[in-house]
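This report concerns only the one structure given below.
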Amino acid sequence: MLYKWAIRLCMVLWVMRSLGYAQDTAIDGSTGAPPDSLLRVRPSLGVIAAGNLNYHRANFSQLPGIDVRTQAPAGSVIRFTDGFSVGFSAGVACDIPLSESMGIGMRMMYSSLNAPLTATETIRIGFLSADGNSVSFRDAVIGWSLENFLGLASVQILALLRPFSSAPLVRFLLGADVGMFISRTFAQSESIVNLHDEPQAVFNNLSKNRNPQSGNLPQGPPIYGAIVGGVGYDIPLSSGNATTVLTPEITYAFGVTPIVTGIQWNADVVRASMTLRFVIPEPPPPPPPPPPPILKGEIAAFRVDSNGAEFPLIRLKVEETTSKQLYPILPFIFFDQYTDTLP
């Protein structure tokens, strides 16, 4: 159910961002950003993988309903204290930029938050010597190991901030991690931690371990909550419009809800992660409008001749005329060429 709402929120933010970007493009004609800034103004989708350093803040004597039998003097109480371990996280990421300096990020992840807890006490014990003829007394350190197996499915909602214009590829993350444990089991046992050189130093079951217990952890809050902060650096992998981005990140999640209700036991996580995101490119520009239609027409003129037939008005009529003129030569005097004397 939590993942469905997260996906819906991501889709709504994506649509809102796309509409805003389309409006800016329509007004300005372009984003005005250089090509390598595409990763800061376009939505992106990707995958995330992280190595976890799990830190459990604990201070309790026993799990509710799980007995811890102590041999210590009356009034002394053993305490399970802080524990460290490593784990992993993996999931998908979605970033919705609101501007070049601010955006909203979402991470849907599975994380292993295991970290063993221990408690110890020191008591004086006696045991037979190796030859069985005498009794030896030594200080034994009795330890309780509480192994836990916590699988968390969560959604991180983060503000993505780029406050430095001189370093636009550096971004800071601040937000919340909300989820549910899909596995919450434990295994607890009691053992003699020291006296490895004394094989006869055993419990009454003739073993150095006793009281194994395992099962589901007692009831905890239905929702795991943590405050998340961190820093990352974008590394464009593609030339030109930088459509693929690799982002190393370091985040710290401070758990605010206990693992088990009624005791002090919280889980913090330091994640060193790599996020590979595909930056969704700009939609192609719309095709240019078609040219306006060109009006074409013809004007033809005709005439009607005397016979009633129609002919084009522009027509060439060729007529041949023969003319003859006769002149009497009696009154004329003719001279040779270039002379004025009579022959």
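Each chain in the structure tokens gets a letter, A, B and so on, in the order shown; residues start at 1 in every chain, and ligands are counted from 1 in the order they appear.
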- request: Find the residues around segment 175-186 of chain A up to 10 Å (only C-alpha atoms counted), leave out those fewer than 2 positions away in its own chain, and share them as an MDAnalysis selection string.
  value: chainID A and resid 2:3 104:114 116 146:160 173 188 213:230 253:255 259:260
Please save N, CA and C atoms of the selected residues as a short mmCIF file (atom, residue, chain, number, x, y, z; two decimals), in the first residue's frame.
data_model
loop_
_atom_site.label_atom_id
_atom_site.label_comp_id
_atom_site.auth_asym_id
_atom_site.auth_seq_id
_atom_site.Cartn_x
_atom_site.Cartn_y
_atom_site.Cartn_z
N LEU A 2 1.95 1.22 0.80
CA LEU A 2 2.84 2.37 0.87
C LEU A 2 3.50 2.64 -0.47
N TYR A 3 3.89 1.57 -1.19
CA TYR A 3 4.54 1.74 -2.48
C TYR A 3 3.57 2.31 -3.51
N ILE A 104 12.69 17.53 -5.91
CA ILE A 104 12.15 16.53 -4.99
C ILE A 104 12.63 15.16 -5.47
N GLY A 105 13.16 14.37 -4.54
CA GLY A 105 13.63 13.04 -4.86
C GLY A 105 12.86 11.98 -4.10
N MET A 106 12.75 10.82 -4.70
CA MET A 106 12.06 9.70 -4.06
C MET A 106 12.89 8.44 -4.27
N ARG A 107 13.04 7.67 -3.19
CA ARG A 107 13.75 6.40 -3.23
C ARG A 107 12.84 5.32 -2.65
N MET A 108 12.63 4.26 -3.40
CA MET A 108 11.89 3.10 -2.91
C MET A 108 12.89 1.96 -2.79
N MET A 109 13.16 1.53 -1.54
CA MET A 109 14.29 0.63 -1.30
C MET A 109 13.93 -0.50 -0.36
N TYR A 110 14.72 -1.56 -0.49
CA TYR A 110 14.77 -2.61 0.52
C TYR A 110 16.13 -2.51 1.20
N SER A 111 16.13 -2.57 2.54
CA SER A 111 17.37 -2.44 3.30
C SER A 111 17.46 -3.53 4.36
N SER A 112 18.66 -4.06 4.54
CA SER A 112 18.92 -4.96 5.66
C SER A 112 19.55 -4.14 6.78
N LEU A 113 18.88 -4.13 7.94
CA LEU A 113 19.32 -3.29 9.06
C LEU A 113 19.82 -4.13 10.23
N ASN A 114 20.37 -5.29 9.97
CA ASN A 114 20.82 -6.16 11.05
C ASN A 114 22.00 -5.55 11.80
N PRO A 116 24.00 -7.03 15.56
CA PRO A 116 23.90 -7.81 16.78
C PRO A 116 24.12 -6.95 18.02
N LEU A 146 22.35 -11.20 21.07
CA LEU A 146 21.02 -11.00 20.50
C LEU A 146 21.20 -10.67 19.01
N GLU A 147 21.14 -11.70 18.19
CA GLU A 147 21.19 -11.50 16.75
C GLU A 147 19.79 -11.10 16.26
N ASN A 148 19.75 -10.11 15.38
CA ASN A 148 18.46 -9.68 14.83
C ASN A 148 18.55 -9.64 13.31
N PHE A 149 17.43 -9.89 12.67
CA PHE A 149 17.35 -9.93 11.22
C PHE A 149 16.19 -9.03 10.80
N LEU A 150 16.55 -7.83 10.35
CA LEU A 150 15.55 -6.80 10.06
C LEU A 150 15.60 -6.46 8.57
N GLY A 151 14.51 -6.73 7.88
CA GLY A 151 14.38 -6.35 6.47
C GLY A 151 13.36 -5.24 6.33
N LEU A 152 13.79 -4.09 5.84
CA LEU A 152 12.95 -2.89 5.79
C LEU A 152 12.61 -2.54 4.35
N ALA A 153 11.33 -2.36 4.06
CA ALA A 153 10.86 -1.80 2.79
C ALA A 153 10.39 -0.38 3.08
N SER A 154 11.03 0.59 2.45
CA SER A 154 10.76 1.98 2.82
C SER A 154 10.75 2.88 1.60
N VAL A 155 10.22 4.07 1.82
CA VAL A 155 10.20 5.13 0.82
C VAL A 155 10.85 6.37 1.43
N GLN A 156 11.84 6.88 0.73
CA GLN A 156 12.48 8.12 1.15
C GLN A 156 11.94 9.26 0.29
N ILE A 157 11.50 10.31 0.94
CA ILE A 157 11.06 11.53 0.25
C ILE A 157 12.05 12.63 0.66
N LEU A 158 12.76 13.16 -0.34
CA LEU A 158 13.89 14.04 -0.06
C LEU A 158 13.76 15.36 -0.81
N ALA A 159 14.22 16.42 -0.17
CA ALA A 159 14.43 17.69 -0.85
C ALA A 159 15.84 17.68 -1.42
N LEU A 160 15.97 17.98 -2.71
CA LEU A 160 17.26 18.01 -3.39
C LEU A 160 17.67 19.47 -3.57
N LEU A 173 20.84 16.47 0.31
CA LEU A 173 19.58 15.75 0.46
C LEU A 173 19.10 15.89 1.90
N GLN A 188 18.69 -15.50 20.20
CA GLN A 188 19.39 -15.11 21.43
C GLN A 188 19.96 -16.35 22.11
N GLN A 213 17.19 -19.10 22.14
CA GLN A 213 15.81 -18.69 21.89
C GLN A 213 15.78 -17.96 20.55
N SER A 214 14.71 -18.15 19.82
CA SER A 214 14.59 -17.49 18.52
C SER A 214 13.11 -17.35 18.18
N GLY A 215 12.84 -16.52 17.20
CA GLY A 215 11.47 -16.30 16.76
C GLY A 215 11.29 -14.88 16.27
N ASN A 216 10.04 -14.46 16.21
CA ASN A 216 9.74 -13.09 15.80
C ASN A 216 9.96 -12.14 16.97
N LEU A 217 10.44 -10.95 16.66
CA LEU A 217 10.61 -9.94 17.69
C LEU A 217 9.26 -9.53 18.26
N PRO A 218 9.23 -9.13 19.52
CA PRO A 218 7.97 -8.63 20.09
C PRO A 218 7.44 -7.43 19.30
N GLN A 219 6.23 -7.07 19.60
CA GLN A 219 5.51 -6.04 18.85
C GLN A 219 6.28 -4.72 18.81
N GLY A 220 6.33 -4.13 17.62
CA GLY A 220 6.95 -2.83 17.45
C GLY A 220 5.98 -1.88 16.77
N PRO A 221 6.37 -0.62 16.60
CA PRO A 221 5.52 0.34 15.90
C PRO A 221 5.22 -0.15 14.47
N PRO A 222 4.04 0.14 13.94
CA PRO A 222 3.70 -0.33 12.58
C PRO A 222 4.53 0.34 11.49
N ILE A 223 5.07 1.52 11.78
CA ILE A 223 5.81 2.27 10.78
C ILE A 223 7.20 2.59 11.32
N TYR A 224 8.20 2.35 10.49
CA TYR A 224 9.56 2.79 10.81
C TYR A 224 9.74 4.19 10.25
N GLY A 225 10.30 5.08 11.06
CA GLY A 225 10.53 6.45 10.62
C GLY A 225 11.94 6.89 10.93
N ALA A 226 12.54 7.66 10.02
CA ALA A 226 13.90 8.16 10.22
C ALA A 226 14.03 9.50 9.51
N ILE A 227 14.91 10.35 10.04
CA ILE A 227 15.27 11.62 9.41
C ILE A 227 16.54 11.39 8.60
N VAL A 228 16.54 11.84 7.34
CA VAL A 228 17.63 11.54 6.42
C VAL A 228 18.30 12.83 5.97
N GLY A 229 19.61 12.81 5.95
CA GLY A 229 20.40 13.91 5.41
C GLY A 229 21.62 13.36 4.71
N GLY A 230 22.11 14.08 3.71
CA GLY A 230 23.28 13.59 3.01
C GLY A 230 23.75 14.54 1.93
N ALA A 253 20.68 8.14 8.10
CA ALA A 253 19.28 8.06 8.52
C ALA A 253 19.24 7.87 10.04
N PHE A 254 18.64 8.81 10.72
CA PHE A 254 18.54 8.76 12.19
C PHE A 254 17.16 8.21 12.55
N GLY A 255 17.14 7.00 13.09
CA GLY A 255 15.87 6.36 13.41
C GLY A 255 15.17 7.03 14.59
N ILE A 259 12.66 -0.15 17.54
CA ILE A 259 12.48 -1.44 16.89
C ILE A 259 11.40 -2.25 17.61
N VAL A 260 11.41 -2.18 18.93
CA VAL A 260 10.44 -2.89 19.76
C VAL A 260 9.80 -1.88 20.71
#
task: From segment 83-276 of chain A, collect each residue whose DSSP state is strand (DSSP E) and return the set as a VMD selection string.
output: chain A and resid 83 to 97 102 to 112 117 to 128 135 to 161 170 to 192 209 to 216 224 to 233 235 to 236 244 to 255 264 to 276
- request: Identify which of the residues A:Val256, A:Leu246, A:Ala90, A:Ile263 lies closest to Ala50 of chain A, counting only C-alpha atoms when measuring atom-to-atom distances.
  value: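 Of A:Val256, A:Leu246, A:Ala90, A:Ile263, the one nearest Ala50 of chain A, counting only C-alpha atoms, is A:Ala90.
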